[in-house]
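Inspection log for the structure reproduced underneath, given as structure tokens.
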Amino acid sequence: MSTLSRRALLAGIAGLGAAAALAACGDDDKSGSGGSATEPVKLGYIADFTGASLMAIAEDRKLWAQHGLKPDLKVFTNGPLQVQALGAGDLDFGYLGPGALWLPASGKARVIAINSLGFADRVIAQPGITSMAALKGKKVGVPEGTSGDMMVRLALRRAGLSIDDVRKVTMDPSTVVTAFGSGQIDAAGIWYPLIGTIKKRVPNLAELAKNDDFYPDISFPSAYVGRNDVVTGKPELVRKVLAVLRAANDERAANVDGAVEVTAKFLKSAPVEQLRAEASNARFLPSAELAAKSTDGTVAGWLTGLNGLFKDLGKLPDVVDPSTYYDAAAYAS
């Protein structure tokens, strides 16, 4: 999926005269490393391992230039802000965690690639609370609309309860850390590496539920998404971006420890151990496996399962067919 024909053309021109080749590149202002034509593309990411590792690897391995792209990378704190930026035309592509995948399901973006499967979410409780049933009537901190929120609801349902059976306290993730550590809440739906921080204050906390308890019936994928008009109107740009994502994904899947080091360098301020802890709570499948799972219905099952949760959360009026916002064949091509 590289721009081999363009490279061949430039190589031929170079053989006739280097000056002419440089002039040709300068005229259209699209020269990139190695002499490849480059097309600008605006991409968003989140500054953690799952949200930044492919961007870090692509930069480190110079994959953008290899595939004829000149990236403008923008960091965000969450997925919904990226979808807003997509809608405003400030981004072409972005990254969403599982808690934000209701946005493409509602038509606000289109999924172009699955990134990873998350296994970092937990329902945690103060020492002495040993079951979900024991949370009835107790304070449970929840970052609303996140994977932590979904984990609480799944675990309550399995215990024969609903969110209405607990005293739900909506708070952002950093507040959950503080509130749980100080004993202001009895339990929380939250994730690693934040749980690692909480354990420094409450080392004997109980983990009542985790992603693995519901896998594979319910999975928590993260994904890359594109602006609707870009995905439908610029198939060649999508093809190039997918080529970069697949190449970076295979590097990460083959060497997660190496990807952690590269991502720490890319993010600058993120401690290596924190990124390594995050990486240990996710699964990174090779691109060929993701392609196979895209075409055999597995990925559609992951997304359908999430859509059922989004319906319960009131984010979607009904369960949405993933084929309306994820082109499995395009990823697999």
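Going through the structure tokens in order, the chains are called A, B, and so on, while each chain numbers its residues from 1 and the ligands are numbered from 1 in the order shown.
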
> Could you pull the residues within 8 Å of Leu63 in chain A, counting only C-alpha atoms, minus those fewer than 3 positions along the same chain, as a PyMOL selection string?
Replying inline: chain A and resi 58-60+66-67+244+247-248

With N, CA and C atoms kept, could you save the residues just selected as a compact mmCIF listing (two decimals), in the first residue's frame?
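That gives us result20.txt:
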# COMPACT_ATOMS: atom_id res chain seq x y z
N ALA A 58 4.51 4.95 14.43
CA ALA A 58 4.49 5.52 13.08
C ALA A 58 5.52 6.63 12.93
N GLU A 59 5.65 7.47 13.98
CA GLU A 59 6.65 8.53 13.95
C GLU A 59 8.06 7.93 14.00
N ASP A 60 8.27 6.99 14.90
CA ASP A 60 9.60 6.41 15.09
C ASP A 60 10.08 5.66 13.85
N GLN A 66 6.56 6.89 4.39
CA GLN A 66 6.58 5.68 3.56
C GLN A 66 5.27 5.49 2.81
N HIS A 67 4.19 5.97 3.40
CA HIS A 67 2.87 5.79 2.78
C HIS A 67 2.30 7.09 2.23
N VAL A 244 -0.68 2.73 7.37
CA VAL A 244 0.17 3.14 8.48
C VAL A 244 -0.27 2.46 9.77
N ALA A 247 0.66 -1.27 9.78
CA ALA A 247 2.10 -1.49 9.94
C ALA A 247 2.53 -1.22 11.38
N ALA A 248 2.04 -0.13 11.96
CA ALA A 248 2.38 0.20 13.35
C ALA A 248 1.79 -0.83 14.30

>> Neighbouring residues of Leu73 in chain A were defined as those with any atom within 9 Å, considering only C-alpha atoms; residues of the same chain fewer than 3 positions away were excluded. Please report them as a list in words.
In response: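 Listed by chain and then number, they are Val41, Lys42, Leu43, Gly44, Tyr45 and Met55 of chain A.
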
> If you run DSSP on this backbone, which residues of range 51-203 of chain A come out as alpha helix (DSSP H), and could you give them as a PyMOL selection string?
Replying inline: chain A and resi 51-60+63-66+79-88+102-105+147-158+173-181+194-201

> For Ala155 in chain A, which of A:Ala188, A:Leu103, A:Ala209, A:Val260 is the closest residue, counting only C-alpha atoms?
Replying inline: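 Answer, going by the shortest atom-to-atom distance: A:Ala209.
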
>> From the options A:Ala270, A:Ala279, A:Ala332, A:Val123, which residue's atoms come nearest to Thr295 in chain A, counting only C-alpha atoms?
In response: A:Ala332

>> Taking 5 positions as the minimum chain separation for residues in the same chain, which residues sit within 10 Å of Val176 in chain A when counting only C-alpha atoms? Answer as a ChimeraX atom specification.
In response: /A:140-143,169-171,181-182,184-185,187-190,194-195,198

> Which of these residues is nearest to Gly51 in chain A, using only C-alpha atoms: A:Pro71, A:Gly118, A:Gly196, A:Gly87?
Replying inline: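 Ranking A:Pro71, A:Gly118, A:Gly196, A:Gly87 by distance to Gly51 in chain A, first place goes to A:Gly118.
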
Tell me, as an mmCIF file with C-alpha atoms, in the first residue's frame, which residues lie within 12 Å of Ala282 in chain A, counting only C-alpha atoms; anything in the same chain fewer than 6 positions away does not count.
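Heads up, here's the output in selection23.cif:
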data_model
loop_
_atom_site.group_PDB
_atom_site.id
_atom_site.type_symbol
_atom_site.label_atom_id
_atom_site.label_comp_id
_atom_site.auth_asym_id
_atom_site.auth_seq_id
_atom_site.Cartn_x
_atom_site.Cartn_y
_atom_site.Cartn_z
ATOM 1 C CA PHE A 49 -0.362 3.688 25.780
ATOM 2 C CA THR A 50 -3.393 2.390 23.907
ATOM 3 C CA GLY A 51 -4.243 5.844 22.595
ATOM 4 C CA GLY A 97 -11.823 4.224 23.780
ATOM 5 C CA ASN A 115 -6.977 -0.728 17.888
ATOM 6 C CA SER A 116 -6.966 -3.049 20.911
ATOM 7 C CA LEU A 117 -9.096 -4.956 23.373
ATOM 8 C CA GLY A 118 -9.210 -3.479 26.855
ATOM 9 C CA PHE A 119 -9.005 -5.557 30.031
ATOM 10 C CA ALA A 120 -8.143 -2.792 32.496
ATOM 11 C CA ASP A 121 -11.622 -2.065 33.879
ATOM 12 C CA TRP A 191 -9.502 1.124 35.458
ATOM 13 C CA TYR A 192 -5.772 0.546 35.567
ATOM 14 C CA PRO A 193 -3.354 2.326 35.890
ATOM 15 C CA ASN A 211 -13.495 -7.333 31.832
ATOM 16 C CA ASP A 212 -12.367 -10.948 31.657
ATOM 17 C CA SER A 219 -15.635 -7.007 24.720
ATOM 18 C CA PHE A 220 -14.183 -3.537 25.117
ATOM 19 C CA PRO A 221 -12.381 -2.547 21.892
ATOM 20 C CA SER A 222 -10.785 0.819 21.249
ATOM 21 C CA ARG A 252 3.326 -3.251 18.549
ATOM 22 C CA ALA A 253 1.802 -6.731 18.541
ATOM 23 C CA VAL A 256 4.876 -4.675 23.201
ATOM 24 C CA LEU A 275 2.669 2.676 30.284
ATOM 25 C CA ARG A 276 3.861 -0.889 30.840
#

>> Could you check the closest approach to Ala134 in chain A for each of A:Ile112, A:Leu69, A:Asp149, A:Asp186 and tell me which residue wins, using only C-alpha atoms?
In response: A:Asp186
